[in-house]
file model-v4.txt (compact mmCIF, C-alpha atoms)
# COMPACT_ATOMS: atom_id res chain seq x y z
CA MET A 88 26.93 23.08 -86.87
CA SER A 89 26.82 26.54 -88.46
CA THR A 90 23.55 28.44 -88.26
CA LYS A 91 21.85 28.78 -91.64
CA VAL A 92 20.17 32.06 -92.51
CA TYR A 93 17.50 32.47 -95.20
CA ILE A 94 18.13 35.47 -97.45
CA SER A 95 15.77 36.08 -100.34
CA GLY A 96 15.31 32.52 -101.53
CA ARG A 97 18.42 30.73 -100.35
CA LEU A 98 19.83 29.33 -97.14
CA CYS A 99 23.43 30.26 -96.45
CA PRO A 100 25.84 29.75 -93.55
CA ARG A 101 25.77 32.46 -90.89
CA GLU A 102 29.25 33.64 -91.90
CA GLU A 103 28.05 34.27 -95.46
CA ALA A 104 24.74 35.93 -94.54
CA LYS A 105 25.22 39.43 -95.93
CA ILE A 106 23.24 42.24 -97.51
CA SER A 107 24.37 45.47 -99.17
CA VAL A 108 25.64 48.32 -96.98
CA PHE A 109 23.45 50.50 -99.20
CA ASP A 110 20.28 48.71 -98.12
CA HIS A 111 17.89 51.30 -96.71
CA GLY A 112 17.02 48.89 -93.91
CA LEU A 113 20.54 49.51 -92.62
CA LEU A 114 20.92 53.14 -93.66
CA TYR A 115 17.56 54.39 -92.39
CA GLY A 116 15.86 51.59 -90.48
CA ASP A 117 13.50 51.37 -93.44
CA GLY A 118 11.91 47.95 -93.10
CA VAL A 119 9.74 45.81 -90.88
CA PHE A 120 10.13 42.67 -88.80
CA GLU A 121 8.40 40.05 -86.68
CA GLY A 122 9.64 37.91 -83.80
CA LEU A 123 8.08 34.44 -83.63
CA ARG A 124 8.40 31.42 -81.39
CA SER A 125 8.39 27.75 -82.36
CA TYR A 126 7.35 24.95 -80.04
CA GLY A 127 7.85 21.35 -81.05
CA GLY A 128 8.85 22.52 -84.53
CA ARG A 129 5.58 24.45 -85.00
CA VAL A 130 5.48 28.24 -85.11
CA PHE A 131 3.06 29.69 -82.59
CA ARG A 132 0.28 31.68 -84.29
CA LEU A 133 2.24 32.00 -87.51
CA GLU A 134 -0.75 33.29 -89.49
CA GLU A 135 -1.29 36.16 -87.04
CA HIS A 136 2.38 37.12 -87.15
CA LEU A 137 2.45 37.10 -90.95
CA ARG A 138 -0.75 39.12 -91.18
CA ARG A 139 0.78 41.71 -88.85
CA LEU A 140 3.99 41.72 -90.90
CA TRP A 141 2.03 42.39 -94.09
CA ASP A 142 0.07 45.14 -92.33
CA SER A 143 3.31 46.78 -91.16
CA ALA A 144 4.76 46.59 -94.68
CA ARG A 145 1.59 48.00 -96.22
CA ALA A 146 1.66 50.91 -93.75
CA ILE A 147 5.08 51.99 -95.04
CA SER A 148 4.33 51.18 -98.71
CA LEU A 149 6.81 48.31 -98.75
CA GLU A 150 5.89 45.46 -101.07
CA ILE A 151 6.99 42.09 -99.74
CA PRO A 152 8.44 40.20 -102.73
CA ILE A 153 6.97 36.78 -101.89
CA SER A 154 3.51 35.52 -100.96
CA ILE A 155 2.30 34.81 -97.45
CA HIS A 156 2.16 31.10 -98.32
CA ASP A 157 5.77 31.11 -99.53
CA MET A 158 6.86 33.07 -96.47
CA ALA A 159 5.29 30.48 -94.18
CA SER A 160 7.11 27.73 -96.09
CA ALA A 161 10.41 29.63 -95.87
CA VAL A 162 10.03 30.02 -92.09
CA GLN A 163 9.44 26.29 -91.69
CA GLN A 164 12.33 25.51 -94.04
CA THR A 165 14.69 27.69 -91.97
CA LEU A 166 13.65 26.01 -88.73
CA GLU A 167 14.21 22.57 -90.21
CA ALA A 168 17.57 23.52 -91.73
CA ASN A 169 18.75 24.55 -88.26
CA HIS A 170 17.18 21.50 -86.53
CA ILE A 171 15.22 23.75 -84.19
CA GLN A 172 12.14 22.49 -82.41
CA ASP A 173 11.80 25.04 -79.59
CA GLY A 174 13.30 28.34 -80.69
CA TYR A 175 12.93 31.88 -81.92
CA VAL A 176 12.52 33.19 -85.45
CA ARG A 177 13.35 36.73 -86.56
CA LEU A 178 11.68 37.63 -89.84
CA ILE A 179 12.97 40.82 -91.52
CA ILE A 180 11.97 42.68 -94.66
CA THR A 181 14.25 45.52 -95.78
CA ARG A 182 13.47 48.23 -98.31
CA GLY A 183 16.40 47.13 -100.46
CA ALA A 184 19.53 48.84 -101.74
CA GLY A 185 19.61 52.33 -103.18
CA PRO A 186 21.61 55.55 -103.27
CA LEU A 187 22.10 57.74 -100.21
CA GLY A 188 18.93 59.71 -99.58
CA LEU A 189 15.51 58.98 -98.13
CA ASP A 190 13.55 58.38 -101.33
CA PRO A 191 12.18 54.79 -101.20
CA ASN A 192 11.46 54.97 -104.93
CA GLU A 193 15.20 54.89 -105.58
CA THR A 194 15.59 51.48 -103.95
CA ALA A 195 15.35 48.01 -105.48
CA ASP A 196 15.37 44.36 -104.47
CA PRO A 197 13.79 44.25 -100.98
CA GLN A 198 15.46 41.57 -98.88
CA VAL A 199 13.63 38.80 -97.03
CA ILE A 200 15.73 37.57 -94.11
CA ILE A 201 14.81 34.73 -91.75
CA ILE A 202 16.97 33.87 -88.74
CA ALA A 203 16.12 30.87 -86.57
CA ASP A 204 17.95 30.26 -83.31
CA HIS A 205 17.54 29.31 -79.68
CA ILE A 206 16.70 32.07 -77.24
CA GLN A 207 16.22 32.57 -73.53
CA LEU A 208 15.33 36.20 -73.01
CA TYR A 209 15.32 36.09 -69.22
CA PRO A 210 17.02 33.75 -66.74
CA ARG A 211 14.85 31.01 -65.25
CA GLU A 212 14.96 32.69 -61.83
CA PHE A 213 12.99 35.68 -63.17
CA TYR A 214 10.12 33.38 -64.11
CA GLU A 215 10.24 31.74 -60.69
CA LYS A 216 10.86 34.81 -58.51
CA GLY A 217 9.87 37.74 -60.71
CA LEU A 218 11.84 40.67 -62.06
CA GLU A 219 12.27 44.31 -61.12
CA ILE A 220 11.70 47.15 -63.59
CA ILE A 221 11.84 50.93 -63.60
CA THR A 222 9.85 53.59 -65.42
CA ALA A 223 11.95 55.14 -68.17
CA SER A 224 12.03 58.89 -68.76
CA THR A 225 12.03 58.12 -72.50
CA ILE A 226 8.38 58.12 -73.60
CA ARG A 227 6.87 56.08 -76.40
CA ASN A 228 6.84 57.70 -79.82
CA HIS A 229 3.79 59.90 -80.35
CA PRO A 230 1.32 57.72 -82.31
CA ALA A 231 0.71 60.59 -84.74
CA ALA A 232 4.43 60.54 -85.55
CA LEU A 233 4.86 56.79 -85.84
CA SER A 234 2.07 54.27 -85.44
CA PRO A 235 2.86 51.70 -82.71
CA SER A 236 1.24 49.06 -84.93
CA ILE A 237 4.23 49.23 -87.28
CA LYS A 238 7.08 46.93 -86.23
CA SER A 239 9.79 48.87 -88.00
CA LEU A 240 13.53 48.24 -88.07
CA ASN A 241 14.06 51.56 -86.29
CA TYR A 242 13.79 50.54 -82.64
CA LEU A 243 15.80 53.42 -81.19
CA ASN A 244 12.89 54.68 -79.08
CA ASN A 245 12.73 51.34 -77.27
CA ILE A 246 16.52 50.98 -77.11
CA LEU A 247 16.92 54.32 -75.33
CA ALA A 248 14.42 53.23 -72.70
CA LYS A 249 16.12 49.82 -72.48
CA LEU A 250 19.43 51.58 -71.77
CA GLU A 251 17.80 53.46 -68.91
CA GLY A 252 16.64 50.17 -67.44
CA LEU A 253 20.04 48.54 -67.80
CA GLN A 254 21.78 51.54 -66.21
CA ALA A 255 19.43 51.11 -63.24
CA GLY A 256 20.23 47.41 -63.00
CA CYS A 257 16.95 46.28 -64.59
CA VAL A 258 16.52 44.17 -67.71
CA GLU A 259 13.24 45.87 -68.66
CA ALA A 260 11.74 49.33 -68.38
CA LEU A 261 8.19 50.64 -68.41
CA MET A 262 7.37 53.31 -70.99
CA LEU A 263 4.68 55.97 -70.68
CA ASN A 264 2.98 57.70 -73.60
CA PHE A 265 2.94 61.43 -74.31
CA LYS A 266 0.00 61.82 -71.90
CA GLY A 267 1.92 60.20 -69.05
CA GLU A 268 -0.20 57.05 -69.24
CA VAL A 269 1.19 53.51 -69.07
CA ALA A 270 1.88 52.20 -72.59
CA GLU A 271 4.15 49.14 -72.57
CA CYS A 272 7.67 48.04 -71.78
CA THR A 273 10.60 48.22 -74.19
CA GLY A 274 9.88 44.79 -75.64
CA ASP A 275 6.83 43.50 -73.78
CA ASN A 276 3.21 44.35 -73.02
CA ILE A 277 2.18 44.87 -69.40
CA PHE A 278 -0.70 43.46 -67.34
CA LEU A 279 -1.88 44.22 -63.81
CA VAL A 280 -4.10 42.24 -61.44
CA ARG A 281 -6.30 44.11 -58.99
CA GLY A 282 -9.11 42.53 -56.95
CA GLY A 283 -8.98 39.34 -59.01
CA GLU A 284 -9.46 41.19 -62.30
CA LEU A 285 -7.00 41.78 -65.14
CA PHE A 286 -6.04 45.23 -66.44
CA THR A 287 -3.93 46.17 -69.46
CA PRO A 288 -3.55 49.41 -71.42
CA PRO A 289 -5.73 49.84 -74.52
CA LEU A 290 -4.17 49.96 -77.98
CA ASP A 291 -4.81 53.70 -78.25
CA ALA A 292 -2.37 54.23 -75.36
CA GLY A 293 0.33 53.79 -78.00
CA LEU A 294 1.39 50.16 -77.72
CA LEU A 295 1.96 47.24 -80.02
CA ASP A 296 -0.93 44.80 -80.27
CA GLY A 297 1.17 41.85 -79.12
CA ILE A 298 0.34 38.34 -80.30
CA THR A 299 1.10 36.96 -76.83
CA ARG A 300 -0.93 39.80 -75.31
CA ARG A 301 -3.96 38.71 -77.34
CA ALA A 302 -3.43 35.07 -76.42
CA VAL A 303 -3.26 35.86 -72.68
CA ILE A 304 -6.41 38.01 -72.85
CA ASP A 305 -8.23 35.11 -74.54
CA LEU A 306 -6.95 32.63 -71.96
CA ALA A 307 -8.00 34.88 -69.09
CA ARG A 308 -11.51 35.31 -70.44
CA GLU A 309 -11.82 31.59 -71.11
CA ALA A 310 -10.91 31.03 -67.44
CA GLY A 311 -13.72 33.37 -66.38
CA MET A 312 -11.54 36.36 -65.49
CA VAL A 313 -12.75 39.89 -66.10
CA VAL A 314 -10.32 41.69 -68.43
CA HIS A 315 -10.19 45.48 -68.72
CA GLU A 316 -8.36 47.19 -71.58
CA THR A 317 -8.28 50.60 -69.97
CA THR A 318 -6.13 53.66 -69.37
CA LEU A 319 -3.60 53.09 -66.58
CA ALA A 320 -1.35 55.43 -64.61
CA LYS A 321 1.89 54.68 -62.78
CA ASP A 322 -0.04 54.72 -59.50
CA ASP A 323 -2.19 51.87 -60.81
CA VAL A 324 0.97 49.84 -61.31
CA TYR A 325 2.25 50.59 -57.82
CA ALA A 326 -1.11 49.63 -56.26
CA ALA A 327 -1.52 46.38 -58.22
CA ASP A 328 -1.81 43.02 -56.49
CA GLU A 329 0.17 41.41 -59.31
CA CYS A 330 2.01 42.50 -62.43
CA PHE A 331 3.38 40.56 -65.38
CA LEU A 332 4.73 41.12 -68.87
CA THR A 333 4.01 39.29 -72.11
CA GLY A 334 5.89 38.95 -75.38
CA SER A 335 6.83 36.41 -78.02
CA ALA A 336 10.35 36.02 -76.65
CA ALA A 337 9.50 36.63 -72.99
CA GLU A 338 6.26 34.60 -72.99
CA VAL A 339 4.74 35.46 -69.56
CA VAL A 340 7.11 36.80 -66.90
CA PRO A 341 6.10 38.15 -63.46
CA VAL A 342 7.14 41.56 -62.13
CA ILE A 343 7.59 41.98 -58.40
CA LYS A 344 8.97 45.52 -58.12
CA VAL A 345 8.49 48.73 -60.13
CA ASP A 346 10.52 51.85 -59.32
CA GLN A 347 11.49 50.26 -55.98
CA CYS A 348 7.77 49.81 -55.16
CA VAL A 349 7.02 46.20 -54.20
CA ILE A 350 4.06 44.73 -56.09
CA GLY A 351 1.70 42.72 -53.90
CA ASP A 352 3.66 40.56 -51.48
CA GLY A 353 6.79 40.66 -53.62
CA ARG A 354 6.23 37.26 -55.20
CA PRO A 355 4.60 36.07 -58.44
CA GLY A 356 0.87 36.01 -57.71
CA PRO A 357 -1.67 33.22 -58.22
CA LEU A 358 -3.31 34.64 -61.35
CA THR A 359 0.08 35.27 -62.92
CA ARG A 360 1.07 31.65 -62.23
CA GLN A 361 -2.28 30.41 -63.55
CA LEU A 362 -1.95 32.34 -66.82
CA THR A 363 1.70 31.35 -67.20
CA SER A 364 0.71 27.70 -66.94
CA ALA A 365 -2.23 28.15 -69.32
CA PHE A 366 -0.04 29.89 -71.88
CA ARG A 367 2.61 27.18 -71.75
CA GLU A 368 -0.10 24.57 -72.27
CA LEU A 369 -1.50 26.56 -75.21
CA THR A 370 1.89 26.68 -76.98
CA ARG A 371 2.14 22.89 -76.84
CA LYS A 372 -1.24 22.21 -78.41
CA PRO A 373 -1.04 20.61 -81.88

call {"tool": "encode", "arguments": {"input": "model-v4.txt", "output": "structure tokens"}}
result
Amino acid sequence: MSTKVYISGRLCPREEAKISVFDHGLLYGDGVFEGLRSYGGRVFRLEEHLRRLWDSARAISLEIPISIHDMASAVQQTLEANHIQDGYVRLIITRGAGPLGLDPNETADPQVIIIADHIQLYPREFYEKGLEIITASTIRNHPAALSPSIKSLNYLNNILAKLEGLQAGCVEALMLNFKGEVAECTGDNIFLVRGGELFTPPLDAGLLDGITRRAVIDLAREAGMVVHETTLAKDDVYAADECFLTGSAAEVVPVIKVDQCVIGDGRPGPLTRQLTSAFRELTRKP
């Protein structure tokens, strides 16, 4: 069965899913996106994702051509058309087509694109045994140059760091900010456990306010854990008892080695396993 892609009001086969080569989303990365997960045919925290999408669009003066209500309906329609219960949804808004040149005022017809498919970001063994990451030399964009709260179609900053990780044999890489502080990974937020308490960088360290990050913080506090959103250095990572990453596609995945430094006893720790289980239970709630 051919995958069906939603493009600005209609579902079309994957092979026919096309937009103009003059779309500024392609030419300049001028657009925004969200990555969502569905469980049992229901999108996890859809309202939060759509609110963040609208905030990203507003930050770049991009008017989304449909309402939030209609967008939610279109996401559900795309999932159903592809018979997906447990899957991944990529929601994209482009600036629209226009002449060569940066001026957004010369563009027209912003495109709404929804892709629904199955995804497994990491192999099962990484969730069971943990993964190894490195610290990339590529730093996160300076927040005064590009706000980390904007999920733009220009992901080159993250891709360059991702390439560093892949060249080192790692599927993820840790990124520092311009101050040398821990920010996030190329596609995931990072958490540490030290002395039974949870630590994660604050938003002003230059990271995306991840939906899964928020959910895990809530779950940890509900379980009685102390959670610190505080500035972290690489040495804090190396000295952690446990480390894990969170993201819509990744969910919760343990990290057992950073820059060849073994974290804890080199196995996923008890709080990581507890929060992984709690998050999986949360995604299955009606």

call {"tool": "atom_distance", "arguments": {"input": "model-v4.txt", "atom1": "CA of Gly356 (chain A)", "atom2": "CA of Glu329 (chain A)"}}
result
5.7 Å

call {"tool": "closest_residue", "arguments": {"input": "model-v4.txt", "among": "A:Ser95, A:Thr194, A:Asn169, A:Ser234", "to": "Ile153 (chain A)", "atoms": "all atoms listed in the file"}}
result
A:Ser95

call {"tool": "closest_atom_pairs", "arguments": {"input": "model-v4.txt", "of": "region 155-200 of chain A", "to": "region 118-127 of chain A", "cutoff": "10 Å", "atoms": "all atoms listed in the file", "output": "Markdown table"}}
result
| residue | atom | partner | partner_atom | distance |
| --- | --- | --- | --- | --- |
| A:Val162 | CA | A:Leu123 | CA | 9.7 |
| A:Gln163 | CA | A:Ser125 | CA | 9.5 |
| A:Leu166 | CA | A:Ser125 | CA | 8.4 |
| A:Ile171 | CA | A:Ser125 | CA | 8.1 |
| A:Gln172 | CA | A:Gly127 | CA | 4.6 |
| A:Asp173 | CA | A:Tyr126 | CA | 4.5 |
| A:Gly174 | CA | A:Ser125 | CA | 5.2 |
| A:Tyr175 | CA | A:Arg124 | CA | 4.6 |
| A:Val176 | CA | A:Leu123 | CA | 5.0 |
| A:Arg177 | CA | A:Gly122 | CA | 4.8 |
| A:Leu178 | CA | A:Glu121 | CA | 5.2 |
| A:Ile179 | CA | A:Phe120 | CA | 4.3 |
| A:Ile180 | CA | A:Val119 | CA | 5.4 |
| A:Thr181 | CA | A:Gly118 | CA | 4.3 |
| A:Arg182 | CA | A:Gly118 | CA | 5.4 |
| A:Gly183 | CA | A:Gly118 | CA | 8.7 |
| A:Pro197 | CA | A:Gly118 | CA | 8.9 |
| A:Gln198 | CA | A:Gly118 | CA | 9.3 |
| A:Val199 | CA | A:Phe120 | CA | 9.7 |
| A:Ile200 | CA | A:Phe120 | CA | 9.3 |

call {"tool": "residues_around", "arguments": {"input": "model-v4.txt", "residues": "Leu187 (chain A)", "least_positions_apart": "4", "cutoff": "9 Å", "atoms": "all atoms listed in the file", "output": "ChimeraX atom specification"}}
result
/A:109,111,114

call {"tool": "closest_residue", "arguments": {"input": "model-v4.txt", "among": "A:Gly274, A:Ala248, A:Arg138, A:Lys321", "to": "His156 (chain A)", "atoms": "all atoms listed in the file"}}
result
A:Arg138

call {"tool": "closest_residue", "arguments": {"input": "model-v4.txt", "among": "A:Lys91, A:Arg97, A:Lys238, A:Arg211", "to": "Asp142 (chain A)", "atoms": "all atoms listed in the file"}}
result
A:Lys238
